[in-house]
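my_file.cif follows; it contains mmCIF, C-alpha atoms.
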data_data
loop_
_atom_site.label_atom_id
_atom_site.label_comp_id
_atom_site.auth_asym_id
_atom_site.auth_seq_id
_atom_site.Cartn_x
_atom_site.Cartn_y
_atom_site.Cartn_z
CA MET A 1 0.00 0.00 0.00
CA SER A 2 3.07 2.22 -0.10
CA PRO A 3 2.15 4.07 -3.30
CA MET A 4 -1.08 5.28 -1.66
CA LYS A 5 -0.85 8.74 -0.23
CA LEU A 6 -1.11 9.24 3.52
CA CYS A 7 -3.01 12.21 4.83
CA VAL A 8 -3.77 13.79 8.17
CA PRO A 9 -6.73 15.91 9.35
CA GLY A 10 -6.65 19.44 8.00
CA GLU A 11 -4.48 18.57 5.00
CA ARG A 12 -5.55 20.20 1.75
CA LEU A 13 -6.17 17.55 -0.89
CA CYS A 14 -7.34 19.39 -4.00
CA SER A 15 -9.68 21.98 -5.44
CA THR A 16 -13.41 21.32 -5.94
CA GLU A 17 -12.81 21.86 -9.65
CA ASP A 18 -10.85 18.59 -9.78
CA CYS A 19 -12.80 16.34 -7.45
CA ILE A 20 -16.05 15.78 -5.58
CA PRO A 21 -15.70 15.54 -1.81
CA GLY A 22 -16.42 12.04 -0.44
CA THR A 23 -16.27 10.54 3.03
CA GLY A 24 -13.55 11.66 5.41
CA THR A 25 -13.26 15.06 3.76
CA TYR A 26 -14.82 18.48 4.09
CA LEU A 27 -15.12 21.59 1.99
CA ARG A 28 -13.72 25.01 2.76
CA HIS A 29 -13.10 28.01 0.54
CA GLY A 30 -13.53 25.85 -2.58
CA TYR A 31 -10.93 23.30 -1.54
CA ILE A 32 -11.26 19.74 -0.26
CA PHE A 33 -9.58 19.06 3.07
CA ALA A 34 -9.06 15.75 4.85
CA SER A 35 -10.87 15.29 8.15
CA LEU A 36 -9.42 11.87 8.98
CA ALA A 37 -5.98 10.35 9.18
CA GLY A 38 -5.76 7.67 6.52
CA TYR A 39 -5.19 7.07 2.84
CA VAL A 40 -6.39 9.24 -0.01
CA LEU A 41 -8.64 7.38 -2.39
CA ARG A 42 -9.64 8.73 -5.82
CA LYS A 43 -12.44 6.89 -7.47
CA ASN A 44 -14.25 7.48 -10.74
CA GLU A 45 -17.94 6.82 -10.33
CA GLY A 46 -19.27 7.52 -13.77
CA GLU A 47 -19.53 11.25 -13.25
CA GLU A 48 -17.23 13.78 -14.83
CA LEU A 49 -15.19 14.31 -11.67
CA PRO A 50 -13.62 11.60 -9.52
CA VAL A 51 -14.70 11.30 -5.88
CA MET A 52 -11.99 12.12 -3.36
CA SER A 53 -12.30 10.33 -0.06
CA VAL A 54 -10.14 9.34 2.89
CA VAL A 55 -10.21 5.77 4.14
CA LYS A 56 -8.96 4.31 7.38
CA GLU A 57 -7.86 0.75 8.04
CA THR A 58 -10.28 0.29 10.88
CA GLU A 59 -13.93 0.97 10.16
CA THR A 60 -15.12 4.15 11.81
CA GLN A 61 -18.29 4.25 13.83
CA LEU A 62 -21.48 4.33 11.80
CA LEU A 63 -24.79 5.78 12.92
CA PRO A 64 -28.24 4.63 11.78
CA ASP A 65 -29.55 7.10 9.22
CA VAL A 66 -33.02 7.78 7.82
CA GLY A 67 -33.86 5.20 5.17
CA ALA A 68 -31.22 2.71 6.30
CA ILE A 69 -32.14 -0.98 6.65
CA VAL A 70 -31.20 -2.11 10.15
CA THR A 71 -31.13 -5.46 11.90
CA CYS A 72 -32.43 -5.33 15.43
CA LYS A 73 -33.37 -7.47 18.39
CA VAL A 74 -36.71 -7.01 20.15
CA THR A 75 -36.19 -6.29 23.84
CA SER A 76 -39.73 -5.59 25.05
CA ILE A 77 -43.24 -5.18 23.73
CA ASN A 78 -46.35 -3.41 24.91
CA PRO A 79 -49.74 -2.77 23.22
CA ARG A 80 -48.52 0.46 21.59
CA PHE A 81 -44.98 -0.29 20.45
CA ALA A 82 -42.06 -2.69 20.51
CA LYS A 83 -38.67 -1.63 21.84
CA VAL A 84 -35.62 -2.89 20.00
CA HIS A 85 -31.84 -2.72 20.07
CA ILE A 86 -30.27 -1.88 16.72
CA LEU A 87 -27.39 -4.27 16.08
CA TYR A 88 -26.47 -3.75 12.42
CA VAL A 89 -26.80 -0.94 9.92
CA GLY A 90 -26.94 -2.56 6.51
CA SER A 91 -24.25 -5.22 6.89
CA THR A 92 -21.95 -3.34 9.30
CA PRO A 93 -22.18 -4.28 12.96
CA LEU A 94 -22.45 -1.40 15.41
CA LYS A 95 -19.88 -1.16 18.16
CA ASP A 96 -22.54 -0.48 20.73
CA ARG A 97 -26.26 -0.74 20.72
CA PHE A 98 -28.68 1.97 19.77
CA ARG A 99 -32.24 1.81 21.01
CA GLY A 100 -35.20 2.11 18.68
CA THR A 101 -38.96 1.73 18.72
CA ILE A 102 -41.39 0.19 16.25
CA ARG A 103 -44.80 1.74 16.83
CA LYS A 104 -47.98 -0.28 16.30
CA GLU A 105 -48.91 1.86 13.25
CA ASP A 106 -45.59 1.11 11.59
CA VAL A 107 -45.69 -2.67 11.83
CA ARG A 108 -47.41 -3.22 8.48
CA ALA A 109 -48.73 -1.15 5.60
CA THR A 110 -52.33 -2.40 5.48
CA GLU A 111 -55.04 -2.73 8.13
CA LYS A 112 -52.95 -0.66 10.49
CA ASP A 113 -55.73 -0.38 13.04
CA LYS A 114 -55.98 -4.14 13.46
CA VAL A 115 -52.30 -4.61 14.28
CA GLU A 116 -51.55 -6.12 17.64
CA THR A 117 -47.92 -5.88 18.66
CA TYR A 118 -47.82 -9.18 20.52
CA LYS A 119 -49.05 -10.93 17.36
CA SER A 120 -46.25 -9.31 15.37
CA PHE A 121 -43.15 -9.52 17.55
CA ARG A 122 -41.92 -11.24 20.68
CA PRO A 123 -38.91 -10.30 22.80
CA GLY A 124 -35.79 -11.96 21.43
CA ASP A 125 -36.90 -11.89 17.78
CA ILE A 126 -34.44 -10.67 15.18
CA VAL A 127 -36.16 -8.11 12.97
CA LEU A 128 -35.26 -6.34 9.75
CA ALA A 129 -36.55 -2.77 9.80
CA LYS A 130 -36.09 0.56 8.11
CA VAL A 131 -35.31 3.82 9.91
CA ILE A 132 -38.07 6.37 9.31
CA SER A 133 -37.01 9.07 11.73
CA LEU A 134 -34.25 9.83 14.16
CA GLY A 135 -36.99 10.45 16.72
CA ASP A 136 -37.85 13.44 18.87
CA VAL A 137 -37.48 14.42 22.53
CA GLN A 138 -39.43 11.46 23.91
CA SER A 139 -38.42 8.73 21.51
CA ASN A 140 -35.32 7.11 20.07
CA TYR A 141 -34.93 5.97 16.50
CA LEU A 142 -38.34 5.25 14.94
CA LEU A 143 -38.38 2.15 12.77
CA THR A 144 -40.90 0.59 10.43
CA THR A 145 -41.53 -2.93 9.13
CA ALA A 146 -44.34 -1.88 6.75
CA GLU A 147 -42.86 -3.61 3.70
CA ASN A 148 -42.98 -7.22 2.55
CA GLU A 149 -39.23 -7.55 2.84
CA LEU A 150 -39.18 -6.24 6.41
CA GLY A 151 -40.20 -7.97 9.63
CA VAL A 152 -39.17 -10.95 11.72
CA VAL A 153 -36.37 -13.08 10.25
CA VAL A 154 -35.38 -15.22 13.22
CA ALA A 155 -37.77 -16.21 16.01
CA HIS A 156 -37.83 -18.92 18.62
CA SER A 157 -40.97 -20.76 19.70
CA GLU A 158 -42.13 -21.33 23.26
CA ALA A 159 -40.44 -24.73 23.07
CA GLY A 160 -37.19 -22.95 22.27
CA ALA A 161 -36.75 -24.14 18.69
CA GLN A 162 -36.08 -21.80 15.81
CA MET A 163 -39.33 -21.42 13.89
CA VAL A 164 -39.96 -21.73 10.17
CA PRO A 165 -42.11 -19.15 8.39
CA VAL A 166 -45.32 -20.60 6.94
CA SER A 167 -47.05 -17.41 5.77
CA TRP A 168 -46.48 -13.68 5.98
CA CYS A 169 -48.11 -13.62 9.42
CA GLU A 170 -47.37 -17.02 10.90
CA MET A 171 -44.38 -19.12 11.88
CA GLN A 172 -44.33 -22.74 12.93
CA CYS A 173 -42.25 -24.56 15.50
CA PRO A 174 -40.55 -27.62 13.94
CA ARG A 175 -40.64 -29.47 17.26
CA THR A 176 -44.21 -29.00 18.50
CA HIS A 177 -45.78 -27.88 15.19
CA ALA A 178 -47.46 -25.08 17.10
CA LYS A 179 -48.09 -21.95 15.05
CA GLU A 180 -47.29 -18.53 16.37
CA PHE A 181 -48.14 -15.13 14.93
CA ARG A 182 -45.35 -12.92 13.65
CA LYS A 183 -44.95 -10.15 11.08
CA VAL A 184 -42.72 -12.30 8.88
CA ALA A 185 -40.22 -10.80 6.45
CA ARG A 186 -39.86 -12.17 2.95
CA VAL A 187 -36.06 -12.14 3.07
CA GLN A 188 -34.51 -10.78 -0.07
CA PRO A 189 -31.24 -12.33 -1.18
CA GLU A 190 -29.51 -8.93 -1.16
CA TYR A 191 -30.19 -8.53 2.57
CA LEU A 192 -28.72 -11.94 3.35
CA GLN A 193 -25.17 -11.73 4.52
CA ALA A 194 -22.52 -13.91 3.03
CA MET B 1 10.79 39.53 40.65
CA ALA B 2 11.74 38.09 44.01
CA GLY B 3 13.46 34.75 44.44
CA ILE B 4 14.51 32.70 41.45
CA GLU B 5 15.70 34.18 38.21
CA LEU B 6 13.56 32.78 35.41
CA LEU B 7 15.75 34.05 32.60
CA SER B 8 19.49 34.30 33.03
CA ASP B 9 21.58 37.13 31.58
CA GLN B 10 22.79 34.73 28.93
CA GLY B 11 19.18 34.11 27.86
CA TYR B 12 18.78 30.65 29.31
CA ARG B 13 15.84 29.45 31.39
CA LEU B 14 15.75 27.35 34.55
CA ASP B 15 15.83 24.06 32.68
CA GLY B 16 18.44 25.26 30.20
CA ARG B 17 16.12 26.05 27.33
CA LYS B 18 16.23 29.17 25.17
CA ALA B 19 13.28 31.55 25.40
CA THR B 20 11.45 30.16 22.36
CA GLU B 21 12.48 26.53 22.78
CA LEU B 22 9.78 23.93 23.43
CA ARG B 23 10.09 21.03 25.82
CA LYS B 24 10.53 17.62 24.25
CA VAL B 25 7.22 16.24 23.05
CA GLN B 26 6.84 12.47 22.76
CA ALA B 27 3.59 10.69 21.99
CA ARG B 28 2.04 7.38 21.10
CA MET B 29 -1.35 6.62 19.65
CA GLY B 30 -3.56 3.60 20.20
CA VAL B 31 -2.29 2.63 23.64
CA PHE B 32 -5.53 0.92 24.73
CA GLY B 33 -7.55 -1.78 23.05
CA GLN B 34 -10.98 -1.34 24.61
CA ALA B 35 -11.42 2.36 23.84
CA ASP B 36 -12.29 3.70 20.39
CA GLY B 37 -9.24 5.93 20.48
CA SER B 38 -6.42 6.61 22.89
CA ALA B 39 -3.08 8.39 23.15
CA TYR B 40 -0.26 8.99 25.59
CA LEU B 41 1.71 12.19 25.47
CA GLU B 42 4.71 13.59 27.30
CA GLN B 43 5.50 17.26 27.10
CA GLY B 44 8.68 17.61 29.11
CA ASN B 45 7.81 16.14 32.46
CA THR B 46 4.06 16.56 32.02
CA LYS B 47 2.53 13.20 31.19
CA VAL B 48 -1.02 12.74 29.99
CA LEU B 49 -3.25 9.90 28.96
CA ALA B 50 -6.27 10.61 26.74
CA VAL B 51 -9.07 8.23 25.83
CA VAL B 52 -11.99 8.73 23.43
CA TYR B 53 -15.23 6.78 23.25
CA GLY B 54 -17.86 7.29 20.64
CA PRO B 55 -19.80 8.47 18.87
CA HIS B 56 -22.45 6.51 20.74
CA GLU B 57 -25.99 6.94 21.97
CA VAL B 58 -26.41 9.78 24.48
CA ARG B 59 -26.16 8.43 28.00
CA GLY B 60 -27.85 9.93 31.03
CA ALA B 61 -30.18 12.91 30.68
CA ARG B 62 -32.09 12.86 27.41
CA SER B 63 -32.27 16.64 27.56
CA LYS B 64 -28.57 16.74 26.66
CA ILE B 65 -29.27 15.47 23.13
CA LEU B 66 -28.55 17.94 20.35
CA TYR B 67 -30.57 17.38 17.19
CA ASP B 68 -28.12 18.78 14.68
CA ARG B 69 -24.76 17.66 16.07
CA ALA B 70 -22.97 15.47 18.56
CA VAL B 71 -22.54 16.30 22.22
CA ILE B 72 -18.93 16.41 23.35
CA ASN B 73 -18.38 15.28 26.89
CA CYS B 74 -14.98 15.93 28.47
CA GLN B 75 -13.58 14.89 31.78
CA TYR B 76 -10.28 16.15 33.07
CA SER B 77 -8.70 14.51 36.04
CA MET B 78 -5.34 14.47 37.76
CA ALA B 79 -3.88 11.37 39.31
CA THR B 80 -3.45 11.66 43.07
CA PHE B 81 0.27 11.14 42.58
CA SER B 82 0.62 13.68 39.78
CA THR B 83 1.75 16.60 41.91
CA ALA B 84 4.47 17.06 44.50
CA GLU B 85 1.87 17.01 47.24
CA ARG B 86 -0.70 14.20 47.10
CA LYS B 87 -3.99 15.34 45.60
CA ARG B 88 -7.11 14.48 47.53
CA ARG B 89 -9.69 14.72 44.75
CA PRO B 90 -8.60 13.45 41.36
CA HIS B 91 -11.53 15.18 39.64
CA GLY B 92 -14.72 17.09 40.37
CA ASP B 93 -13.14 20.09 42.05
CA ARG B 94 -13.55 23.58 40.69
CA LYS B 95 -10.26 23.65 38.81
CA SER B 96 -10.90 20.32 37.08
CA SER B 97 -14.45 21.26 36.10
CA GLU B 98 -13.18 24.47 34.55
CA MET B 99 -10.52 22.54 32.66
CA SER B 100 -13.14 20.04 31.44
CA LEU B 101 -15.27 22.90 30.17
CA HIS B 102 -12.30 24.44 28.34
CA LEU B 103 -11.46 21.13 26.69
CA LYS B 104 -15.09 20.73 25.63
CA GLN B 105 -15.11 24.17 24.03
CA THR B 106 -11.81 23.51 22.29
CA PHE B 107 -12.96 20.25 20.75
CA GLU B 108 -16.38 21.57 19.78
CA ALA B 109 -14.47 24.00 17.57
CA ALA B 110 -12.37 21.30 15.94
CA VAL B 111 -14.47 18.14 15.64
CA LEU B 112 -17.00 17.96 12.79
CA THR B 113 -19.85 17.31 15.23
CA GLN B 114 -22.61 17.94 12.69
CA LEU B 115 -21.83 14.57 11.10
CA TYR B 116 -23.11 12.71 14.14
CA PRO B 117 -26.44 14.22 15.23
CA ARG B 118 -28.01 12.95 18.50
CA SER B 119 -24.93 11.13 19.62
CA GLN B 120 -22.20 11.67 22.16
CA ILE B 121 -18.42 11.67 22.03
CA ASP B 122 -16.59 11.18 25.32
CA ILE B 123 -13.08 12.50 25.83
CA TYR B 124 -11.36 11.55 29.08
CA VAL B 125 -7.94 12.93 29.94
CA LYS B 126 -5.84 12.12 32.92
CA ILE B 127 -2.71 13.89 34.07
CA LEU B 128 -0.23 11.32 35.32
CA GLN B 129 2.46 13.81 36.13
CA ALA B 130 1.94 17.56 36.28
CA ASP B 131 4.80 19.85 35.39
CA GLY B 132 3.12 22.91 33.95
CA GLY B 133 1.15 23.35 30.75
CA ASN B 134 -1.47 20.82 31.83
CA TYR B 135 -4.16 22.26 29.61
CA SER B 136 -1.98 22.24 26.51
CA ALA B 137 -0.69 18.73 27.11
CA CYS B 138 -4.30 17.55 27.52
CA VAL B 139 -5.40 19.19 24.29
CA ASN B 140 -2.48 17.70 22.35
CA ALA B 141 -3.07 14.22 23.76
CA ALA B 142 -6.82 14.41 23.19
CA THR B 143 -6.26 15.48 19.56
CA LEU B 144 -4.22 12.34 18.95
CA ALA B 145 -6.87 10.20 20.66
CA VAL B 146 -9.65 11.72 18.55
CA ILE B 147 -7.65 11.06 15.38
CA ASP B 148 -7.01 7.50 16.55
CA ALA B 149 -10.76 7.04 17.08
CA GLY B 150 -11.35 8.05 13.46
CA ILE B 151 -13.59 10.97 14.35
CA PRO B 152 -13.47 13.63 11.63
CA MET B 153 -11.80 16.90 12.57
CA ARG B 154 -11.30 20.17 10.75
CA ASP B 155 -7.66 20.20 11.73
CA TYR B 156 -5.37 19.25 14.58
CA VAL B 157 -5.82 21.28 17.69
CA CYS B 158 -2.45 22.19 19.12
CA ALA B 159 -2.05 24.02 22.36
CA CYS B 160 0.86 25.67 24.05
CA THR B 161 1.47 28.17 26.80
CA ALA B 162 3.64 31.26 26.73
CA GLY B 163 4.85 33.49 29.54
CA PHE B 164 6.39 36.91 29.72
CA VAL B 165 9.55 37.57 31.72
CA ASP B 166 11.90 40.58 31.45
CA ASP B 167 10.24 41.80 28.25
CA THR B 168 10.89 38.41 26.64
CA PRO B 169 8.17 35.92 25.73
CA LEU B 170 8.91 32.37 26.94
CA ALA B 171 7.35 29.43 25.12
CA ASP B 172 5.98 26.31 26.82
CA LEU B 173 6.28 27.09 30.52
CA CYS B 174 7.24 24.44 33.04
CA HIS B 175 5.80 24.27 36.54
CA ALA B 176 8.47 26.42 38.15
CA GLU B 177 7.97 29.16 35.58
CA GLU B 178 4.19 28.96 35.83
CA SER B 179 4.15 29.22 39.59
CA GLY B 180 6.66 32.07 39.52
CA GLY B 181 3.78 34.50 39.49
CA GLY B 182 4.28 35.87 36.00
CA THR B 183 1.81 36.01 33.15
CA SER B 184 0.82 32.79 31.44
CA LEU B 185 -1.12 32.67 28.21
CA ALA B 186 -2.60 29.41 26.91
CA VAL B 187 -3.58 29.17 23.25
CA ALA B 188 -5.27 26.31 21.41
CA LEU B 189 -4.76 26.72 17.69
CA LEU B 190 -6.00 25.06 14.52
CA PRO B 191 -2.58 25.51 12.92
CA ARG B 192 -3.34 25.30 9.20
CA GLY B 193 -6.15 27.80 9.23
CA GLY B 194 -4.57 29.82 12.02
CA GLN B 195 -7.87 29.88 13.92
CA ILE B 196 -7.79 30.13 17.68
CA ALA B 197 -9.98 27.59 19.45
CA LEU B 198 -9.28 28.82 22.95
CA LEU B 199 -7.34 31.65 24.51
CA GLN B 200 -6.80 32.00 28.20
CA MET B 201 -4.78 34.36 30.34
CA ASP B 202 -5.01 34.51 34.09
CA ALA B 203 -2.68 37.33 35.07
CA ARG B 204 -2.22 40.94 34.08
CA LEU B 205 -0.19 41.97 31.06
CA HIS B 206 0.39 45.31 29.44
CA GLN B 207 -1.59 45.60 26.25
CA ASP B 208 1.50 46.53 24.27
CA HIS B 209 3.02 43.14 25.01
CA LEU B 210 -0.02 41.08 24.09
CA ASP B 211 0.81 40.85 20.38
CA THR B 212 4.36 39.61 20.91
CA LEU B 213 3.15 37.09 23.49
CA MET B 214 0.41 35.83 21.18
CA GLU B 215 2.92 35.54 18.37
CA ALA B 216 5.25 33.48 20.57
CA ALA B 217 2.42 31.19 21.72
CA MET B 218 1.18 30.62 18.17
CA THR B 219 4.66 29.84 16.88
CA ALA B 220 5.01 27.35 19.73
CA CYS B 221 1.65 25.77 18.77
CA LYS B 222 2.85 25.35 15.21
CA GLY B 223 5.99 23.69 16.54
CA VAL B 224 3.84 21.27 18.50
CA SER B 225 1.70 20.59 15.43
CA LYS B 226 4.78 19.47 13.49
CA VAL B 227 5.58 16.92 16.18
CA LEU B 228 1.98 15.66 16.30
CA ASP B 229 1.94 15.41 12.53
CA GLU B 230 4.98 13.16 12.61
CA VAL B 231 3.44 10.99 15.30
CA VAL B 232 0.22 10.51 13.30
CA ARG B 233 2.05 9.72 10.08
CA GLN B 234 4.31 7.25 11.81
CA HIS B 235 1.34 5.60 13.48
CA LEU B 236 -0.46 5.27 10.13
CA GLN B 237 2.59 3.69 8.58
CA GLU B 238 2.97 1.23 11.45
CA MET B 239 -0.69 0.31 11.19
CA SER B 240 -0.44 -0.40 7.48
CA ILE B 241 2.58 -2.64 8.09
CA LEU B 242 0.71 -4.47 10.86
CA THR B 243 -2.33 -5.10 8.70
CA GLY B 244 0.01 -6.75 6.27
CA GLU B 245 0.54 -4.93 3.02
#
Would you kindly transcribe this structure into structure tokens?
Amino acid sequence: MSPMKLCVPGERLCSTEDCIPGTGTYLRHGYIFASLAGYVLRKNEGEELPVMSVVKETETQLLPDVGAIVTCKVTSINPRFAKVHILYVGSTPLKDRFRGTIRKEDVRATEKDKVETYKSFRPGDIVLAKVISLGDVQSNYLLTTAENELGVVVAHSEAGAQMVPVSWCEMQCPRTHAKEFRKVARVQPEYLQA
Amino acid sequence: MAGIELLSDQGYRLDGRKATELRKVQARMGVFGQADGSAYLEQGNTKVLAVVYGPHEVRGARSKILYDRAVINCQYSMATFSTAERKRRPHGDRKSSEMSLHLKQTFEAAVLTQLYPRSQIDIYVKILQADGGNYSACVNAATLAVIDAGIPMRDYVCACTAGFVDDTPLADLCHAEESGGGTSLAVALLPRGGQIALLQMDARLHQDHLDTLMEAAMTACKGVSKVLDEVVRQHLQEMSILTGE
């Protein structure tokens, strides 16, 4: 990696006429400056100007953003909402947990008034959800599962076995064959991690 | 001035430095595994440890959350064995709280906090040995720790003190010079842009001398920034060797 250029925070990289600022950089007085210590990366992404970014060896901390698909674990439920811990943003694991809520109205897109949270999630379930808002004074991250691809991906039955989805709203225990209600996600191959 | 002579007739100071000479600065980044970023810095006999956590979810009072940027939380403490006389309270006294506040203001000016709304960045600094210039050593160590944590910054923040004795500005005061009763000016500088993040002076100084003193302090800051720059570059190089290229 020796031919790659090292840079330190505050170093001037180039003018905005030559490049588009990417991650790890900031703009000032028409110039691109580095904001991280790392390597300078110039990438052409189809546009006229290459994107200038600074990369570090170790992944920097990521925060859940509006529109991001997150993987979370349900910690508690009540009739109005389910509380979750966000574990992954996209496919990057978070260093520490962020709390989020899935409100009853955001569980599914249709028949919102008939949703019952305990028929959609149970504590311990692993859920795919999308961030709709960063929340306000009272709440944390607000998440939604109102899409076919979003919802419960891993759930355990009362007997403790991992359940198999049988429809979009039911999962079955392979040991006792008991059915339990869940808001099941139709997992898309692109969300599956290698 | 009564008692000791801070600047000899030959222009040498108590520890044998010239008026504009800095103390030896040595530093290392990434000294701890569990923290997101850490650094150890020696500025002469002043030794500091800085640790950075974050950005993470805001802990404690929810009212602290800022909706457009990250909250910076600083804690300054001194080890009980850091001074000649044993310290009773390592942190939480008036002096430490003031220092914490100053560090917070300094880093709010330098860190690109708007990239991490509704989160918190913790910066903890501990003085292991105090020999003057505690604030500046803390700022320099914390800068390295923030860089190690991969938190975006506008620029380095470099800090240095300067004093004024016999119409001569002295750079980077040691404890004996600081406690001599003269003026001491602390400056935290973003060296490339030349912006001042913090400026502090506790004693009286004639206005005519302020410019020369400021000039001396800023030159000293730039000297410190060169050392920090080398440390960061060396650390990056070591890291790339370790990760096996």
**Selection result for the PyMOL selection byres ((chain A) within 10 of (chain B)) on this file, as an MDAnalysis selection string** = chainID A and resid 1:2 6:12 23:28 33:39 55:65 94:99 134:140
**Prompt:** Closest to Lys47 (chain B) among B:Gly223, B:Gly133, B:Pro90, B:Gly11, using all atoms listed in the file?
**Reply:**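 Among B:Gly223, B:Gly133, B:Pro90, B:Gly11, it is B:Gly133 that comes nearest to Lys47 (chain B).
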**Request:** Quick one: everything within 10 Å of Phe81 (chain B), counting all atoms listed in the file, minus sequence neighbours fewer than 6 positions away in the same chain. Send it as a list in words.
**Result:** Lys87, Arg88, Pro90, Ile127, Leu128, Gln129 and Ala130 of chain B
**Request:** Do a neighbour search on Val51 (chain A) at 6 Å with all atoms listed in the file, toss out local chain neighbours closer than 4 positions, and write the hits as a list in words.
**Result:**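 That gives Cys19, Ile20, Pro21, Gly22, Arg42 and Lys43 of chain A.
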**Asked** What lies within 12 Å of Glu178 (chain B) using all atoms listed in the file, ignoring chain neighbours under 2 positions off, as a PyMOL selection string?
**Response** chain B and resi 6+14+130-134+161-165+170-176+180-186+201-203
Would you write out those residues with C-alpha atoms, as a PDB file, in the frame of the given file?
ATOM      1  CA  LEU B   6      13.560  32.780  35.410  1.00  0.00           C
ATOM      2  CA  LEU B  14      15.750  27.350  34.550  1.00  0.00           C
ATOM      3  CA  ALA B 130       1.940  17.560  36.280  1.00  0.00           C
ATOM      4  CA  ASP B 131       4.800  19.850  35.390  1.00  0.00           C
ATOM      5  CA  GLY B 132       3.120  22.910  33.950  1.00  0.00           C
ATOM      6  CA  GLY B 133       1.150  23.350  30.750  1.00  0.00           C
ATOM      7  CA  ASN B 134      -1.470  20.820  31.830  1.00  0.00           C
ATOM      8  CA  THR B 161       1.470  28.170  26.800  1.00  0.00           C
ATOM      9  CA  ALA B 162       3.640  31.260  26.730  1.00  0.00           C
ATOM     10  CA  GLY B 163       4.850  33.490  29.540  1.00  0.00           C
ATOM     11  CA  PHE B 164       6.390  36.910  29.720  1.00  0.00           C
ATOM     12  CA  VAL B 165       9.550  37.570  31.720  1.00  0.00           C
ATOM     13  CA  LEU B 170       8.910  32.370  26.940  1.00  0.00           C
ATOM     14  CA  ALA B 171       7.350  29.430  25.120  1.00  0.00           C
ATOM     15  CA  ASP B 172       5.980  26.310  26.820  1.00  0.00           C
ATOM     16  CA  LEU B 173       6.280  27.090  30.520  1.00  0.00           C
ATOM     17  CA  CYS B 174       7.240  24.440  33.040  1.00  0.00           C
ATOM     18  CA  HIS B 175       5.800  24.270  36.540  1.00  0.00           C
ATOM     19  CA  ALA B 176       8.470  26.420  38.150  1.00  0.00           C
ATOM     20  CA  GLY B 180       6.660  32.070  39.520  1.00  0.00           C
ATOM     21  CA  GLY B 181       3.780  34.500  39.490  1.00  0.00           C
ATOM     22  CA  GLY B 182       4.280  35.870  36.000  1.00  0.00           C
ATOM     23  CA  THR B 183       1.810  36.010  33.150  1.00  0.00           C
ATOM     24  CA  SER B 184       0.820  32.790  31.440  1.00  0.00           C
ATOM     25  CA  LEU B 185      -1.120  32.670  28.210  1.00  0.00           C
ATOM     26  CA  ALA B 186      -2.600  29.410  26.910  1.00  0.00           C
ATOM     27  CA  MET B 201      -4.780  34.360  30.340  1.00  0.00           C
ATOM     28  CA  ASP B 202      -5.010  34.510  34.090  1.00  0.00           C
ATOM     29  CA  ALA B 203      -2.680  37.330  35.070  1.00  0.00           C
TER      30      ALA B 203
END
For the file shown, report as a PDB file with C-alpha atoms, in the coordinates of the input the outcome of the PyMOL selection byres ((chain B and resi 22) around 9) at residue level.
ATOM      1  CA  ARG B  17      16.120  26.050  27.330  1.00  0.00           C
ATOM      2  CA  LYS B  18      16.230  29.170  25.170  1.00  0.00           C
ATOM      3  CA  ALA B  19      13.280  31.550  25.400  1.00  0.00           C
ATOM      4  CA  THR B  20      11.450  30.160  22.360  1.00  0.00           C
ATOM      5  CA  GLU B  21      12.480  26.530  22.780  1.00  0.00           C
ATOM      6  CA  ARG B  23      10.090  21.030  25.820  1.00  0.00           C
ATOM      7  CA  LYS B  24      10.530  17.620  24.250  1.00  0.00           C
ATOM      8  CA  VAL B  25       7.220  16.240  23.050  1.00  0.00           C
ATOM      9  CA  GLN B  43       5.500  17.260  27.100  1.00  0.00           C
ATOM     10  CA  GLY B  44       8.680  17.610  29.110  1.00  0.00           C
ATOM     11  CA  ALA B 171       7.350  29.430  25.120  1.00  0.00           C
ATOM     12  CA  ASP B 172       5.980  26.310  26.820  1.00  0.00           C
ATOM     13  CA  LEU B 173       6.280  27.090  30.520  1.00  0.00           C
ATOM     14  CA  ALA B 220       5.010  27.350  19.730  1.00  0.00           C
ATOM     15  CA  GLY B 223       5.990  23.690  16.540  1.00  0.00           C
ATOM     16  CA  VAL B 224       3.840  21.270  18.500  1.00  0.00           C
TER      17      VAL B 224
END
**Message:** When the PyMOL selection byres ((chain A and resi 151) around 7) is applied to the structure above, which residues does it catch, written out as a list in words?
**Reply:** Val127, Leu128, Ala129, Thr145, Glu149, Leu150, Val152, Val153, Lys183, Val184 and Ala185 of chain A
**Item:** Interatomic distance (Å, one decimal) between CA of Ala61 (chain B) and CA of Leu49 (chain B)
**Value:**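 About the pair CA of Ala61 (chain B) and CA of Leu49 (chain B): they are 27.2 Å apart.
Interatomic distance, CA of His177 (chain A) against CA of Ala155 (chain A): 14.2 Å.
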**Request:** Work out how far apart CA of Ala161 (chain A) and CA of Val89 (chain A) are and give it in Å to one decimal.
**Result:** 26.7 Å
**Asked** From the set A:Ser76, A:Ser91, A:Thr110, A:Thr101, which residue has the shortest atom-to-atom contact distance to Val131 (chain A), counting all atoms listed in the file?
**Response** A:Thr101
**Shortest interatomic distance to Gln234 (chain B) - which of B:Met218, B:Met29, B:Ile4, B:Gly16, counting all atoms listed in the file** = B:Met29
